[in-house]
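Undergrad: This structure is in structure tokens; I'll ask about it shortly.
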Amino acid sequence: MSVLSVLMAAIAPGVALLSYFYLKDRYDPEPISQVLKLFLFGVLLVFPIMVLQRALVQGLGDNPFVFSFITSAATEEFFKWFLVYFVIYKHTSFDEPYDGIVYSVAASLGFATLENVFYAFFNSSGFSTLMMRAFLPVSGHAMFGVIMGYHLGKAKFNPEASRKHLSYALLLPIFWHGVFDYTMIVTKTYWIWFMVPLMAFLWIRSLWKVSHANARSPLRVIQREERVKI
């Protein structure tokens, strides 16, 4: 594959998944500029996370459990959670529960896209390998973003339970990310028997969260009232 072909194949899954979740916003799509900002910030997260993970491997070793849940999942999901919370959580454009999903997925896929580009060039990946990564790591990051964003949305629009859902927005993606990585590491030759059910479960749960977040939008009631008046 040519350099351009590899680059496009590495970038396309993240862009396609971001477009999919962006278009799932039924009532008030977010400003493209804000979504792209979170995506680009997610891209930039790769560099500090790479340095931190390198230090953690040297300090904690490469035990599969420690690497999966702490070195990989905890560092990546914390930085993404931190980014979304401090950049967009209190912004006026975050005005319905589904917005948390859009922005968290954007940050997650920004990170996953540059990670995928690095993997493609450093490992001389072919088209089939990149397609497999589209269905696994890149798609996985999108699912972790949905989980994070769903609970950020619940935290913002359910003030009495905000602390609980802010914790869920961080801890649940760390857990599922850790499960994902640990499964990939320890089931090297028969991973498909575990990963297919895991990804199916994550996708089904994520689509339910997308539907539920849209159903809780305050803009849904406004649009219904406008239709009645018409």
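By convention here, the chains of the structure tokens are called A, B, ... in the order presented, each chain's residues are numbered starting at 1, and ligands are numbered starting at 1 in the order presented.
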Quick one: residues within 6 Å of range 100-107 of chain A, only C-alpha atoms, excluding same-chain residues fewer than 3 positions away - as a ChimeraX atom specification?

TA: /A:22,38-39,42,97,110,142,145-146,149-150,152-153

Undergrad: Next, dump the selected residues to file, keeping only N, CA, C and O atoms, as a PDB file, in the first residue's frame.

TA:
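Result file is selection.pdb:
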```
ATOM      1  N   TYR A  22     -22.308  11.507  15.509  1.00  0.00           N
ATOM      2  CA  TYR A  22     -22.743  12.903  15.368  1.00  0.00           C
ATOM      3  C   TYR A  22     -24.139  12.963  14.744  1.00  0.00           C
ATOM      4  O   TYR A  22     -25.005  13.733  15.196  1.00  0.00           O
ATOM      5  N   LEU A  38     -12.718  19.017  20.028  1.00  0.00           N
ATOM      6  CA  LEU A  38     -12.528  17.881  20.932  1.00  0.00           C
ATOM      7  C   LEU A  38     -11.772  16.755  20.238  1.00  0.00           C
ATOM      8  O   LEU A  38     -10.935  16.083  20.854  1.00  0.00           O
ATOM      9  N   PHE A  39     -12.065  16.544  18.956  1.00  0.00           N
ATOM     10  CA  PHE A  39     -11.360  15.505  18.191  1.00  0.00           C
ATOM     11  C   PHE A  39      -9.866  15.826  18.126  1.00  0.00           C
ATOM     12  O   PHE A  39      -9.027  14.950  18.366  1.00  0.00           O
ATOM     13  N   GLY A  42      -8.197  15.356  21.353  1.00  0.00           N
ATOM     14  CA  GLY A  42      -7.988  13.928  21.558  1.00  0.00           C
ATOM     15  C   GLY A  42      -6.747  13.431  20.839  1.00  0.00           C
ATOM     16  O   GLY A  42      -5.994  12.600  21.356  1.00  0.00           O
ATOM     17  N   PRO A  97     -28.560  15.839  27.136  1.00  0.00           N
ATOM     18  CA  PRO A  97     -27.779  14.688  27.572  1.00  0.00           C
ATOM     19  C   PRO A  97     -26.948  14.030  26.476  1.00  0.00           C
ATOM     20  O   PRO A  97     -25.823  13.566  26.738  1.00  0.00           O
ATOM     21  N   GLY A 110     -10.458  10.925  18.367  1.00  0.00           N
ATOM     22  CA  GLY A 110      -9.251  11.678  18.033  1.00  0.00           C
ATOM     23  C   GLY A 110      -8.019  10.935  18.506  1.00  0.00           C
ATOM     24  O   GLY A 110      -7.042  10.756  17.762  1.00  0.00           O
ATOM     25  N   ALA A 142     -14.497   4.164  20.626  1.00  0.00           N
ATOM     26  CA  ALA A 142     -15.795   4.823  20.437  1.00  0.00           C
ATOM     27  C   ALA A 142     -16.796   4.348  21.491  1.00  0.00           C
ATOM     28  O   ALA A 142     -17.546   5.154  22.058  1.00  0.00           O
ATOM     29  N   GLY A 145     -16.093   5.870  24.739  1.00  0.00           N
ATOM     30  CA  GLY A 145     -16.538   7.256  24.690  1.00  0.00           C
ATOM     31  C   GLY A 145     -18.041   7.382  24.901  1.00  0.00           C
ATOM     32  O   GLY A 145     -18.506   8.325  25.564  1.00  0.00           O
ATOM     33  N   VAL A 146     -18.805   6.463  24.352  1.00  0.00           N
ATOM     34  CA  VAL A 146     -20.262   6.481  24.550  1.00  0.00           C
ATOM     35  C   VAL A 146     -20.593   6.306  26.031  1.00  0.00           C
ATOM     36  O   VAL A 146     -21.440   7.027  26.583  1.00  0.00           O
ATOM     37  N   GLY A 149     -19.602   9.522  27.866  1.00  0.00           N
ATOM     38  CA  GLY A 149     -20.478  10.639  27.536  1.00  0.00           C
ATOM     39  C   GLY A 149     -21.889  10.477  28.067  1.00  0.00           C
ATOM     40  O   GLY A 149     -22.530  11.456  28.462  1.00  0.00           O
ATOM     41  N   TYR A 150     -22.381   9.240  28.091  1.00  0.00           N
ATOM     42  CA  TYR A 150     -23.722   8.985  28.615  1.00  0.00           C
ATOM     43  C   TYR A 150     -23.811   9.419  30.070  1.00  0.00           C
ATOM     44  O   TYR A 150     -24.777  10.094  30.478  1.00  0.00           O
ATOM     45  N   LEU A 152     -21.698  11.483  31.647  1.00  0.00           N
ATOM     46  CA  LEU A 152     -21.486  12.934  31.760  1.00  0.00           C
ATOM     47  C   LEU A 152     -22.782  13.686  31.501  1.00  0.00           C
ATOM     48  O   LEU A 152     -23.096  14.683  32.168  1.00  0.00           O
ATOM     49  N   GLY A 153     -23.554  13.200  30.524  1.00  0.00           N
ATOM     50  CA  GLY A 153     -24.852  13.799  30.258  1.00  0.00           C
ATOM     51  C   GLY A 153     -25.803  13.649  31.431  1.00  0.00           C
ATOM     52  O   GLY A 153     -26.523  14.587  31.796  1.00  0.00           O
TER      53      GLY A 153
END
```

Undergrad: Would you list, as a PyMOL selection string, the residues of range 135-209 of chain A that end up in alpha helix (DSSP H) under DSSP run on this structure's backbone?

TA: chain A and resi 139-157+162-186+192-209

Undergrad: Find the residue from A:Phe47, A:Trp193, A:Phe144, A:Phe121 that sits nearest to Arg205 in chain A; use only C-alpha atoms when measuring.

TA: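 With only C-alpha atoms as the atom set, the closest residue is A:Phe144.
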
Undergrad: For a quick check of understanding, using only C-alpha atoms, which of A:Gly140, A:Gly59, A:Pro48, A:Pro31 has the smallest distance to Met184 in chain A?

TA: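 Ranked by minimum distance to Met184 in chain A, first place goes to A:Gly140.
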
Undergrad: Go through A:Val179, A:Arg216, A:Leu172, A:His165 one by one, measure the shortest atom-to-atom distance of each to Phe194 in chain A using only C-alpha atoms, and give the residue with the smallest value.

TA: A:Val179

Undergrad: Excluding Ile192 in chain A and residues on its chain fewer than 4 positions from it, collect all residues at most 12 Å away from it, counting only C-alpha atoms, and give them as a list in words.

TA: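 Neighbouring residues, sequence-local ones excluded: Met132, Phe135, Leu136, Phe180, Thr183, Met184, Ile185, Val186, Thr187, Lys188, Val196, Pro197, Leu198, Met199 and Ala200 of chain A.
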
Undergrad: I want to know what sits within 12 Å of Lys154 in chain A, based on only C-alpha atoms, with residues of the same chain fewer than 2 positions away left out; could you give that as number ranges by chain?

TA: A: 89, 94-101, 147-152, 156-169, 209, 212-214, 216-217

Undergrad: Please provide the set of residues having any atom within 12 Å of range 54-56 of chain A, restricted to only C-alpha atoms, with same-chain residues fewer than 2 positions apart removed, written as a PyMOL selection string.

TA: chain A and resi 47-52+58-63+66-72+74-75

Undergrad: Could you please take those selected residues and save C-alpha atoms as a PDB file, in the first residue's frame?

TA:
```pdb
ATOM      1  CA  PHE A  47       1.757  12.438  23.104  1.00  0.00           C
ATOM      2  CA  PRO A  48       1.581  12.994  26.897  1.00  0.00           C
ATOM      3  CA  ILE A  49      -0.106   9.617  27.333  1.00  0.00           C
ATOM      4  CA  MET A  50       2.679   7.854  25.409  1.00  0.00           C
ATOM      5  CA  VAL A  51       5.293   9.424  27.700  1.00  0.00           C
ATOM      6  CA  LEU A  52       3.333   8.557  30.858  1.00  0.00           C
ATOM      7  CA  GLN A  58       9.308   0.977  33.463  1.00  0.00           C
ATOM      8  CA  GLY A  59       7.987   1.491  36.987  1.00  0.00           C
ATOM      9  CA  LEU A  60       5.226  -1.145  37.183  1.00  0.00           C
ATOM     10  CA  GLY A  61       6.418  -3.699  34.660  1.00  0.00           C
ATOM     11  CA  ASP A  62       4.387  -5.355  31.939  1.00  0.00           C
ATOM     12  CA  ASN A  63       2.151  -7.690  33.925  1.00  0.00           C
ATOM     13  CA  VAL A  66      -1.510  -4.094  35.512  1.00  0.00           C
ATOM     14  CA  PHE A  67      -0.766  -3.031  31.956  1.00  0.00           C
ATOM     15  CA  SER A  68      -4.377  -3.462  30.808  1.00  0.00           C
ATOM     16  CA  PHE A  69      -6.181  -1.751  33.682  1.00  0.00           C
ATOM     17  CA  ILE A  70      -3.656   0.818  34.902  1.00  0.00           C
ATOM     18  CA  THR A  71      -0.988   1.589  32.291  1.00  0.00           C
ATOM     19  CA  SER A  72      -3.407   1.511  29.363  1.00  0.00           C
ATOM     20  CA  ALA A  74      -6.693   4.181  33.508  1.00  0.00           C
ATOM     21  CA  THR A  75      -4.268   6.652  31.908  1.00  0.00           C
TER      22      THR A  75
END
```

Undergrad: Neighbours of Phe118 in chain A within 10 Å (only C-alpha atoms; same-chain residues fewer than 5 positions away dropped), as an MDAnalysis selection string?

TA: chainID A and resid 7 10 112:113 123:124

Undergrad: Print the selection's residues with N, CA and C atoms to a file, as a PDB file, in the first residue's frame.

TA:
```pdb
ATOM      1  N   LEU A   7      -2.415   5.955   5.137  1.00  0.00           N
ATOM      2  CA  LEU A   7      -2.884   7.066   5.956  1.00  0.00           C
ATOM      3  C   LEU A   7      -4.408   7.174   5.922  1.00  0.00           C
ATOM      4  N   ALA A  10      -6.054   4.354   7.809  1.00  0.00           N
ATOM      5  CA  ALA A  10      -5.904   4.488   9.253  1.00  0.00           C
ATOM      6  C   ALA A  10      -6.823   5.563   9.820  1.00  0.00           C
ATOM      7  N   ALA A 112      -7.854   7.675  19.266  1.00  0.00           N
ATOM      8  CA  ALA A 112      -7.756   6.388  18.577  1.00  0.00           C
ATOM      9  C   ALA A 112      -7.243   6.542  17.148  1.00  0.00           C
ATOM     10  N   THR A 113      -7.588   7.641  16.499  1.00  0.00           N
ATOM     11  CA  THR A 113      -7.180   7.837  15.104  1.00  0.00           C
ATOM     12  C   THR A 113      -5.674   8.023  14.986  1.00  0.00           C
ATOM     13  N   ASN A 123       4.204  -0.470  12.116  1.00  0.00           N
ATOM     14  CA  ASN A 123       4.097  -1.931  11.969  1.00  0.00           C
ATOM     15  C   ASN A 123       3.890  -2.363  10.519  1.00  0.00           C
ATOM     16  N   SER A 124       4.013  -1.434   9.594  1.00  0.00           N
ATOM     17  CA  SER A 124       3.846  -1.736   8.164  1.00  0.00           C
ATOM     18  C   SER A 124       2.562  -2.522   7.911  1.00  0.00           C
TER      19      SER A 124
END
```

Undergrad: Go through A:Leu171, A:Val35, A:Ala215, A:Leu114 and flag the residue nearest Ala12 in chain A, using only C-alpha atoms for the distances.

TA: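 Selected residue with least distance to Ala12 in chain A: A:Leu114.
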